[in-house]
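*Asks:* What follows is a single structure, and I will ask about it in a moment.
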Amino acid sequence: MPKSLYRLVLPDLGLPDVTVVASSWLVEPGSSVIEGDRLLEVLAGSVTVDLPAPASGILSELLVSEEDELHVGQILAIVTAKAPEDESE
């Protein structure tokens, strides 16, 4: 069955001139996630922001570590989702 890959990307948080740092992964690689589940906490100055799963599936790869400095548009993790089965088969 084909699988789809979804990227967790750091969005523009609207906080200019603020360093953004990966604070804490909330889910372990290999765990099942549901779209919208909290995956990663990031610190932007004194503000903590939770980043949600971009899709339902398996958190297959973490691309940054806690305490890494992050940049807008950076891919932080990969979620692998199975494509829905074709009902006509």
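Residues in the structure tokens are named by chain (A, B, ... in the order shown) and by number from 1 within that chain; ligands are numbered from 1 in the order shown.
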Within 6 Å of segment 24-28 of chain A, counting only C-alpha atoms, which residues qualify if same-chain residues fewer than 6 places away don't, as a PDB file with C-alpha atoms, in the first residue's frame?

*Replies:*
ATOM      1  CA  LEU A  39       4.543  16.927  18.648  1.00  0.00           C
ATOM      2  CA  LEU A  40       7.110  19.552  19.592  1.00  0.00           C
ATOM      3  CA  GLU A  41       7.378  22.488  21.961  1.00  0.00           C
ATOM      4  CA  GLU A  66      16.120  19.448  21.657  1.00  0.00           C
TER       5      GLU A  66
END

*Asks:* So that I can check the surroundings of Val64 of chain A, please list as JSON, numbers by chain every protein, DNA and RNA residue that reaches within 8 Å of it, counting only C-alpha atoms and ignoring chain neighbours fewer than 5 positions away.

*Replies:* {"A": [22, 76, 77]}

*Asks:* Those same residues, written as a PDB file, in the first residue's frame with N, CA and C atoms?

*Replies:*
ATOM      1  N   ALA A  22      14.222  24.401  19.643  1.00  0.00           N
ATOM      2  CA  ALA A  22      13.452  23.194  19.954  1.00  0.00           C
ATOM      3  C   ALA A  22      13.566  22.944  21.449  1.00  0.00           C
ATOM      4  N   LEU A  76      11.252  19.834  10.485  1.00  0.00           N
ATOM      5  CA  LEU A  76      11.604  19.388  11.829  1.00  0.00           C
ATOM      6  C   LEU A  76      11.407  17.893  12.042  1.00  0.00           C
ATOM      7  N   ALA A  77      10.435  17.311  11.346  1.00  0.00           N
ATOM      8  CA  ALA A  77      10.122  15.891  11.514  1.00  0.00           C
ATOM      9  C   ALA A  77       9.315  15.407  10.318  1.00  0.00           C
TER      10      ALA A  77
END

*Asks:* Have a look at A:Val72, A:Val79, A:Val42, A:Val20 and name the one nearest to Leu59 of chain A; count only C-alpha atoms.

*Replies:* A:Val79

*Asks:* Env of Ser46 of chain A: 12 Å cut, atoms = only C-alpha atoms, seq-sep filter 3 positions within chain, self excluded. Answer as a PyMOL selection string.

*Replies:* chain A and resi 15+18-21+23+42-43+49

*Asks:* So how far away is atom CA of Gly57 of chain A from atom CA of Ser32 of chain A, in Å?

*Replies:*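 Going from atom CA of Ser32 of chain A over to atom CA of Gly57 of chain A, I get 5.6 Å.
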
*Asks:* Just checking: using only C-alpha atoms, which residue out of A:Asp12, A:Tyr6, A:Gly30, A:Glu69 ends up closest to Ser56 of chain A?

*Replies:*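 When distances to Ser56 of chain A are compared using only C-alpha atoms, the smallest one comes from A:Tyr6.
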
*Asks:* Quick one: distance from atom CA of Leu70 of chain A to atom CA of Pro54 of chain A in Å, one decimal?

*Replies:*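 Atom CA of Pro54 of chain A lies at a distance of 17.8 Å from atom CA of Leu70 of chain A.
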
*Asks:* Please run DSSP on the backbone and report, as JSON, numbers by chain, all residues within chain A that come out as strand (DSSP E or B).

*Replies:* {"A": [3, 4, 5, 6, 7, 8, 9, 20, 21, 22, 23, 24, 25, 32, 33, 38, 39, 40, 41, 42, 43, 44, 47, 48, 49, 50, 51, 52, 57, 58, 59, 60, 61, 62, 69, 70, 75, 76, 77, 78, 79, 80, 81, 82]}

*Asks:* Go ahead and save the residues from that selection, with C-alpha atoms, as a tab-separated table (two decimals), in the first residue's frame.

*Replies:*
chain	number	residue	atom	x	y	z
A	3	LYS	CA	2.48	5.71	1.91
A	4	SER	CA	2.48	9.48	2.10
A	5	LEU	CA	5.12	11.58	3.83
A	6	TYR	CA	4.15	14.75	5.67
A	7	ARG	CA	6.65	17.31	6.94
A	8	LEU	CA	6.43	19.15	10.22
A	9	VAL	CA	7.75	22.59	9.23
A	20	VAL	CA	13.50	29.89	18.13
A	21	VAL	CA	14.80	26.76	19.87
A	22	ALA	CA	13.45	23.19	19.95
A	23	SER	CA	12.46	22.73	23.58
A	24	SER	CA	10.89	19.30	24.00
A	25	TRP	CA	9.69	16.48	21.76
A	32	SER	CA	1.23	6.78	16.21
A	33	VAL	CA	-0.06	10.34	15.99
A	38	ARG	CA	1.15	18.16	19.91
A	39	LEU	CA	4.54	16.93	18.65
A	40	LEU	CA	7.11	19.55	19.59
A	41	GLU	CA	7.38	22.49	21.96
A	42	VAL	CA	9.53	25.36	20.73
A	43	LEU	CA	10.71	28.40	22.64
A	44	ALA	CA	10.54	31.74	20.85
A	47	VAL	CA	6.95	32.26	24.49
A	48	THR	CA	6.36	28.49	24.29
A	49	VAL	CA	4.60	27.29	21.14
A	50	ASP	CA	3.30	23.76	20.50
A	51	LEU	CA	3.66	22.47	16.94
A	52	PRO	CA	0.99	19.96	15.86
A	57	GLY	CA	0.22	8.35	10.91
A	58	ILE	CA	3.56	7.37	12.45
A	59	LEU	CA	6.16	9.88	13.61
A	60	SER	CA	8.89	8.29	11.53
A	61	GLU	CA	11.82	10.69	11.81
A	62	LEU	CA	13.01	13.58	13.98
A	69	GLU	CA	18.18	26.61	16.97
A	70	LEU	CA	15.43	26.57	14.34
A	75	ILE	CA	11.66	20.69	8.26
A	76	LEU	CA	11.60	19.39	11.83
A	77	ALA	CA	10.12	15.89	11.51
A	78	ILE	CA	8.47	13.45	9.12
A	79	VAL	CA	5.11	11.75	9.66
A	80	THR	CA	4.41	8.72	7.48
A	81	ALA	CA	0.77	7.98	6.72
A	82	LYS	CA	-0.68	5.02	4.86

*Asks:* How far is it from atom CA of Asp68 of chain A to atom CA of Leu10 of chain A, in Å with one decimal?

*Replies:* 12.5 Å
